[in-house]
Amino acid sequence: MANPRDRISMLPTNLLCCIISLLPFNEAVRTCILSKRWYHVWRSMKNIDFLESFFVKIDDPEETKEPGNFPVDVENCTRFAISHNVKEFGLDFHDPSWREDGVEDHEAVFDLPMRMYSHRGLESLKLFSCNFVSKEFKVFSALKQLSFGWIELNLDSIKFLLEHCPSLESLSLKKCWNIDHLDISVPNLRLQSLVLDKCRFLKPVFLIEAPNLRLFKYSGTVGHFHFERQRSMVEADLDFSLETEFEETGQTLYELLQQLFPVRVLTVCSYMLQVVPHGEEPLGLSSPLNVNRLTLNTAVHSNEFCGIKFMLQSCPQLQTLTINIVPAKIFPDYVAPYEFNPQEFWTKNLVIYRCIKESLRVVEVKGFKGTVNELYILQYLVRFGPLLQQLNLYLSEEVDDNGGNREAYLQRAQRVQQFRKASNYLLISIY
């Protein structure tokens with residue numbers, strides 16, 4: 001029998017280049033061992049990412065893990081990238097052992113090689129634990145995506161980049177520190193995506209005027225947000241899990257949500273659920289949101305009950321509700337915004353929210369264990385949701401404190417299938 005034909009290797013070289021460009025850089029390089037035909041294909045890649053973990057292992061000697069000891073190698077890699085006119089370039093020198101929720105600042109271990117500043121065709125740049133000279137960025141007129149992480153950063157540098165990178169559409173800051181505050185208000189800004197991930201600001205004030213902004217993702221402590229001209233925003237993700245105390249920030253969070261009225265997709269955290277009802281109105285926003293897809297990152301604790309109802313009341317057009325069950329910080333000094341009995345909260349004196357009656361069609365529960373609180377909420381949704389079409393239960397893989405396991409969770413999920421249903425078209429699936 002003849003050997004099966006290698007159909008992939010028969011493809012034109014330009015098509016092979018497109019295929020391997022979808023691979024991580026280190027995997028693309030390894031294709032050179034496949035055959036003589038593949039030996040040079042990887043060299044035509046337009047996106048190159050030098051991630052330290054690609055080349056060193058955790059148990060390697062410490063001297064092999066210090067990129068500062070190999071400036072010539074990094075310089076050669078940069079020269080190689082420029083010679084191939086790469087469109088995407090990244091240098092990531094941060095140590096995976098650094099804690100994202102830690103308070104320690106780690107000095108950048110390397111500087112972006114000067115020759116990279118002459119590469120005018122660059123469209124995407126990622127620098128983790130790698131310093132840069134902001135004034136040299138004025139040559140990057142084609143830059144669309146910019147990501148910084150694990151470096152000291154100041155407001156003047158951010159504003160200079162926004163002013164001199166006219167094509168910039170995406171800005172991501174991760175674990176940056178020493179930023180006085182954030183001011184995103186540059187004329188003719190094209191920015192569509194803004195991600196602030198566990199950065200440390202000296203003043204927690206965020207001024208954002210980006211009329212084309214579609215995605216806003218924030219993870220950190222509570223601050224004062226001021227949005228202007230944000231009618232294009234589609235998605236927001238708010239995570240305040242770094243907060244360590246139950247503080248009177250309900251009004252601040254209330255005002256933040258009110259500013260995000262255009263968004264269609266919204267993700268909120270447990271802290272938001274516990275605190276936001278302590279704002280101006282404990283039952284819901286005075287002006288409803290346009291959200292049709294809502295994700296609740298929650299421990300499904302009774303401290304979060306008022307916040308869950310708050311969000312249901314505030315999203316009258318909700319079509320898809322995702323309950324993502326995750327570990328959360330439950331504050332022992334929590335004080336409810338109004339008196340209630342947790343055992344009766346979802347079963348007596350009920351308010352059937354507009355979204356439940358008129359728009360909710362899909363409910364997903366990820367990390368389902370079938371706790372009493374989970375069952376109470378699902379029973380409420382199933383019993384009063386006449387338009388519900390899908391309830392998808394994704395079982396947790398964890399063993400709970402009482403020895404519960406996947407088999408026990410399955411039995412509880414099967415109980416949900418027996419709930420009385422308001423919708424004749426509801427399909428309850430277990431995964």
# chains A, B, ... in the order shown; residues from 1 in each chain; ligands from 1
call {"tool": "select_by_dssp", "arguments": {"residues": "stretch 129-234 of chain A", "states": "helix (DSSP H, G or I)", "output": "list in words"}}
result
Ser134, Lys135, Glu136, Phe137, Lys138, Val139, Leu155, Asp156, Ser157, Ile158, Lys159, Phe160, Leu161, Leu162, Glu163 and His164 of chain A
call {"tool": "residues_around", "arguments": {"residues": "stretch 174-183 of chain A", "least_positions_apart": "4", "cutoff": "8 Å", "atoms": "only C-alpha atoms", "output": "mmCIF file with N, CA, C and O atoms, in the first residue's frame"}}
result
data_model
loop_
_atom_site.group_PDB
_atom_site.id
_atom_site.type_symbol
_atom_site.label_atom_id
_atom_site.label_comp_id
_atom_site.auth_asym_id
_atom_site.auth_seq_id
_atom_site.Cartn_x
_atom_site.Cartn_y
_atom_site.Cartn_z
ATOM 1 N N GLU A 100 -0.153 38.102 41.248
ATOM 2 C CA GLU A 100 -0.925 39.184 40.656
ATOM 3 C C GLU A 100 -1.651 40.008 41.711
ATOM 4 O O GLU A 100 -1.914 41.187 41.511
ATOM 5 N N ASP A 105 6.222 45.517 44.201
ATOM 6 C CA ASP A 105 6.534 45.997 42.865
ATOM 7 C C ASP A 105 7.837 45.356 42.398
ATOM 8 O O ASP A 105 8.837 45.360 43.117
ATOM 9 N N SER A 147 0.191 46.669 24.795
ATOM 10 C CA SER A 147 -0.015 45.998 26.074
ATOM 11 C C SER A 147 1.239 46.121 26.927
ATOM 12 O O SER A 147 2.325 45.707 26.509
ATOM 13 N N PHE A 148 1.081 46.701 28.130
ATOM 14 C CA PHE A 148 2.183 46.830 29.073
ATOM 15 C C PHE A 148 1.852 46.046 30.334
ATOM 16 O O PHE A 148 0.695 46.004 30.778
ATOM 17 N N GLY A 149 2.874 45.440 30.943
ATOM 18 C CA GLY A 149 2.652 44.706 32.183
ATOM 19 C C GLY A 149 3.880 44.673 33.053
ATOM 20 O O GLY A 149 5.014 44.659 32.557
ATOM 21 N N TRP A 150 3.673 44.718 34.373
ATOM 22 C CA TRP A 150 4.741 44.542 35.349
ATOM 23 C C TRP A 150 5.843 45.592 35.200
ATOM 24 O O TRP A 150 7.025 45.288 35.257
ATOM 25 N N ILE A 151 5.436 46.857 34.986
ATOM 26 C CA ILE A 151 6.411 47.930 34.888
ATOM 27 C C ILE A 151 5.886 49.171 35.614
ATOM 28 O O ILE A 151 4.685 49.318 35.834
ATOM 29 N N GLU A 152 6.809 50.062 35.961
ATOM 30 C CA GLU A 152 6.426 51.362 36.503
ATOM 31 C C GLU A 152 6.027 52.259 35.341
ATOM 32 O O GLU A 152 6.686 52.297 34.300
ATOM 33 N N LEU A 153 4.930 52.971 35.524
ATOM 34 C CA LEU A 153 4.371 53.754 34.430
ATOM 35 C C LEU A 153 3.853 55.073 34.991
ATOM 36 O O LEU A 153 3.384 55.123 36.131
ATOM 37 N N ASN A 154 3.925 56.142 34.214
ATOM 38 C CA ASN A 154 3.385 57.422 34.689
ATOM 39 C C ASN A 154 2.363 57.952 33.693
ATOM 40 O O ASN A 154 2.304 57.540 32.528
ATOM 41 N N LEU A 155 1.556 58.884 34.177
ATOM 42 C CA LEU A 155 0.459 59.414 33.370
ATOM 43 C C LEU A 155 0.962 60.123 32.122
ATOM 44 O O LEU A 155 0.354 59.998 31.041
ATOM 45 N N LYS A 159 -0.323 59.474 28.206
ATOM 46 C CA LYS A 159 -0.914 60.508 27.360
ATOM 47 C C LYS A 159 -0.087 60.730 26.100
ATOM 48 O O LYS A 159 -0.639 60.954 25.015
ATOM 49 N N VAL A 195 -8.213 47.877 28.887
ATOM 50 C CA VAL A 195 -8.128 46.874 29.942
ATOM 51 C C VAL A 195 -7.182 47.374 31.017
ATOM 52 O O VAL A 195 -6.013 47.689 30.737
ATOM 53 N N LEU A 196 -7.673 47.454 32.247
ATOM 54 C CA LEU A 196 -6.867 47.854 33.408
ATOM 55 C C LEU A 196 -6.903 46.698 34.394
ATOM 56 O O LEU A 196 -7.935 46.441 35.019
ATOM 57 N N ASP A 197 -5.786 45.996 34.526
ATOM 58 C CA ASP A 197 -5.763 44.753 35.293
ATOM 59 C C ASP A 197 -4.809 44.874 36.486
ATOM 60 O O ASP A 197 -3.596 44.808 36.332
ATOM 61 N N LYS A 198 -5.392 45.095 37.665
ATOM 62 C CA LYS A 198 -4.653 45.093 38.937
ATOM 63 C C LYS A 198 -3.487 46.085 38.939
ATOM 64 O O LYS A 198 -2.421 45.808 39.496
ATOM 65 N N CYS A 199 -3.688 47.237 38.340
ATOM 66 C CA CYS A 199 -2.679 48.292 38.384
ATOM 67 C C CYS A 199 -2.832 49.093 39.680
ATOM 68 O O CYS A 199 -3.893 49.095 40.306
ATOM 69 N N ARG A 200 -1.763 49.796 40.062
ATOM 70 C CA ARG A 200 -1.814 50.596 41.287
ATOM 71 C C ARG A 200 -1.711 52.078 40.929
ATOM 72 O O ARG A 200 -0.712 52.536 40.399
ATOM 73 N N PHE A 201 -2.813 52.787 41.227
ATOM 74 C CA PHE A 201 -2.891 54.215 40.958
ATOM 75 C C PHE A 201 -2.730 54.977 42.270
ATOM 76 O O PHE A 201 -3.323 54.614 43.287
ATOM 77 N N LEU A 202 -1.951 56.052 42.238
ATOM 78 C CA LEU A 202 -1.756 56.859 43.441
ATOM 79 C C LEU A 202 -3.053 57.551 43.841
ATOM 80 O O LEU A 202 -3.345 57.717 45.031
ATOM 81 N N LYS A 203 -3.829 57.955 42.854
ATOM 82 C CA LYS A 203 -5.164 58.512 43.085
ATOM 83 C C LYS A 203 -6.148 57.676 42.273
ATOM 84 O O LYS A 203 -6.023 57.610 41.054
ATOM 85 N N PRO A 204 -7.109 57.039 42.930
ATOM 86 C CA PRO A 204 -8.038 56.152 42.193
ATOM 87 C C PRO A 204 -9.104 56.943 41.445
ATOM 88 O O PRO A 204 -10.300 56.844 41.718
ATOM 89 N N VAL A 205 -8.651 57.724 40.462
ATOM 90 C CA VAL A 205 -9.549 58.546 39.653
ATOM 91 C C VAL A 205 -9.336 58.174 38.190
ATOM 92 O O VAL A 205 -8.193 58.148 37.706
ATOM 93 N N PHE A 206 -10.446 57.912 37.487
ATOM 94 C CA PHE A 206 -10.354 57.449 36.107
ATOM 95 C C PHE A 206 -11.232 58.347 35.230
ATOM 96 O O PHE A 206 -12.461 58.308 35.327
ATOM 97 N N LEU A 207 -10.597 59.162 34.386
ATOM 98 C CA LEU A 207 -11.294 60.056 33.469
ATOM 99 C C LEU A 207 -11.185 59.458 32.076
ATOM 100 O O LEU A 207 -10.085 59.381 31.507
ATOM 101 N N ILE A 208 -12.306 59.033 31.528
ATOM 102 C CA ILE A 208 -12.273 58.301 30.255
ATOM 103 C C ILE A 208 -13.238 58.956 29.279
ATOM 104 O O ILE A 208 -14.454 58.937 29.461
#
call {"tool": "closest_residue", "arguments": {"among": "A:Val263, A:Leu215, A:Val399, A:Leu253", "to": "A:Gly367", "atoms": "only C-alpha atoms"}}
result
A:Val399
call {"tool": "closest_residue", "arguments": {"among": "A:Arg37, A:Arg415, A:Arg231, A:His224", "to": "A:Asn212", "atoms": "only C-alpha atoms"}}
result
A:Arg231
call {"tool": "closest_residue", "arguments": {"among": "A:Ser423, A:Ser83, A:Thr78, A:Thr221", "to": "A:Arg43", "atoms": "only C-alpha atoms"}}
result
A:Ser83
call {"tool": "closest_residue", "arguments": {"among": "A:Lys369, A:Glu339, A:Gln417, A:Val382", "to": "A:Ile352", "atoms": "only C-alpha atoms"}}
result
A:Val382
call {"tool": "residues_around", "arguments": {"residues": "stretch 131-138 of chain A", "least_positions_apart": "5", "cutoff": "7 Å", "atoms": "only C-alpha atoms", "output": "number ranges by chain"}}
result
A: 108, 110-112, 117, 151, 157, 160-161, 164-165
call {"tool": "write_last_selection", "arguments": {"atoms": "C-alpha atoms", "output": "PDB file, in the first residue's frame"}}
result
ATOM      1  CA  ALA A 108      11.576  45.652  34.987  1.00  0.00           C
ATOM      2  CA  PHE A 110      15.087  44.553  30.612  1.00  0.00           C
ATOM      3  CA  ASP A 111      14.803  47.564  28.281  1.00  0.00           C
ATOM      4  CA  LEU A 112      13.260  47.511  24.837  1.00  0.00           C
ATOM      5  CA  TYR A 117      11.892  52.152  17.735  1.00  0.00           C
ATOM      6  CA  ILE A 151       6.411  47.930  34.888  1.00  0.00           C
ATOM      7  CA  SER A 157       3.851  58.486  29.235  1.00  0.00           C
ATOM      8  CA  PHE A 160       2.103  60.791  25.045  1.00  0.00           C
ATOM      9  CA  LEU A 161       1.400  57.335  23.630  1.00  0.00           C
ATOM     10  CA  HIS A 164       1.384  59.955  19.055  1.00  0.00           C
ATOM     11  CA  CYS A 165      -0.100  56.561  18.158  1.00  0.00           C
TER      12      CYS A 165
END
call {"tool": "residues_around", "arguments": {"residues": "stretch 301-305 of chain A", "least_positions_apart": "4", "cutoff": "8 Å", "atoms": "only C-alpha atoms", "output": "ChimeraX atom specification"}}
result
/A:270,273-274,309,330,334,336,342,345,373
call {"tool": "residues_around", "arguments": {"residues": "A:Tyr376", "least_positions_apart": "6", "cutoff": "9 Å", "atoms": "only C-alpha atoms", "output": "list of chain:residue names"}}
result
A:Gln343, A:Phe345, A:Trp346, A:Thr347
call {"tool": "atom_distance", "arguments": {"atom1": "atom CA of A:Ile323", "atom2": "atom CA of A:Gln192"}}
result
27.1 Å
call {"tool": "residues_around", "arguments": {"residues": "A:Leu388", "least_positions_apart": "6", "cutoff": "7 Å", "atoms": "only C-alpha atoms", "output": "PDB file with C-alpha atoms, in the first residue's frame"}}
result
ATOM      1  CA  LEU A 360     -34.929  35.951  29.733  1.00  0.00           C
ATOM      2  CA  ARG A 361     -34.349  32.953  27.474  1.00  0.00           C
ATOM      3  CA  VAL A 362     -31.066  31.328  28.515  1.00  0.00           C
ATOM      4  CA  SER A 423     -42.113  27.610  30.025  1.00  0.00           C
ATOM      5  CA  LEU A 426     -37.518  24.852  28.517  1.00  0.00           C
TER       6      LEU A 426
END
call {"tool": "residues_around", "arguments": {"residues": "A:Thr295", "least_positions_apart": "4", "cutoff": "12 Å", "atoms": "only C-alpha atoms", "output": "PyMOL selection string"}}
result
chain A and resi 235-239+264-270+273+291+308+311-312+315+318-326+362-366
call {"tool": "select_by_dssp", "arguments": {"residues": "stretch 176-252 of chain A", "states": "strand (DSSP E or B)", "output": "PyMOL selection string"}}
result
chain A and resi 177-179+182-184+193-197+200-201+205-209+215-219+224-228+235-239
call {"tool": "closest_atom_pairs", "arguments": {"of": "stretch 310-407 of chain A", "to": "stretch 276-288 of chain A", "cutoff": "6 Å", "atoms": "only C-alpha atoms", "output": "JSON lines"}}
result
{"residue": "A:Phe310", "atom": "CA", "partner": "A:Gly284", "partner_atom": "CA", "distance": 4.6}
{"residue": "A:Gln313", "atom": "CA", "partner": "A:Gly284", "partner_atom": "CA", "distance": 5.5}
{"residue": "A:Ser314", "atom": "CA", "partner": "A:Pro288", "partner_atom": "CA", "distance": 4.8}
{"residue": "A:Pro337", "atom": "CA", "partner": "A:His278", "partner_atom": "CA", "distance": 5.6}
call {"tool": "write_last_selection", "arguments": {"atoms": "N, CA, C and O atoms", "output": "CSV table (one decimal), in the first residue's frame"}}
result
chain,number,residue,atom,x,y,z
A,310,PHE,N,-30.9,43.2,42.7
A,310,PHE,CA,-30.6,44.5,42.2
A,310,PHE,C,-30.3,44.5,40.7
A,310,PHE,O,-30.8,45.3,39.9
A,313,GLN,N,-33.3,43.6,38.5
A,313,GLN,CA,-34.2,44.8,38.4
A,313,GLN,C,-33.6,45.8,37.4
A,313,GLN,O,-34.4,46.5,36.6
A,314,SER,N,-32.3,45.9,37.3
A,314,SER,CA,-31.6,47.0,36.5
A,314,SER,C,-31.4,46.6,35.1
A,314,SER,O,-31.0,47.4,34.3
A,337,PRO,N,-28.8,45.9,53.1
A,337,PRO,CA,-29.4,47.2,52.9
A,337,PRO,C,-30.8,47.3,53.4
A,337,PRO,O,-31.4,48.3,53.6
call {"tool": "closest_residue", "arguments": {"among": "A:Val234, A:Ser359, A:Asn405, A:Asn392", "to": "A:Ser429", "atoms": "only C-alpha atoms"}}
result
A:Asn392
call {"tool": "atom_distance", "arguments": {"atom1": "atom CA of A:Arg229", "atom2": "atom CA of A:Met272"}}
result
24.0 Å
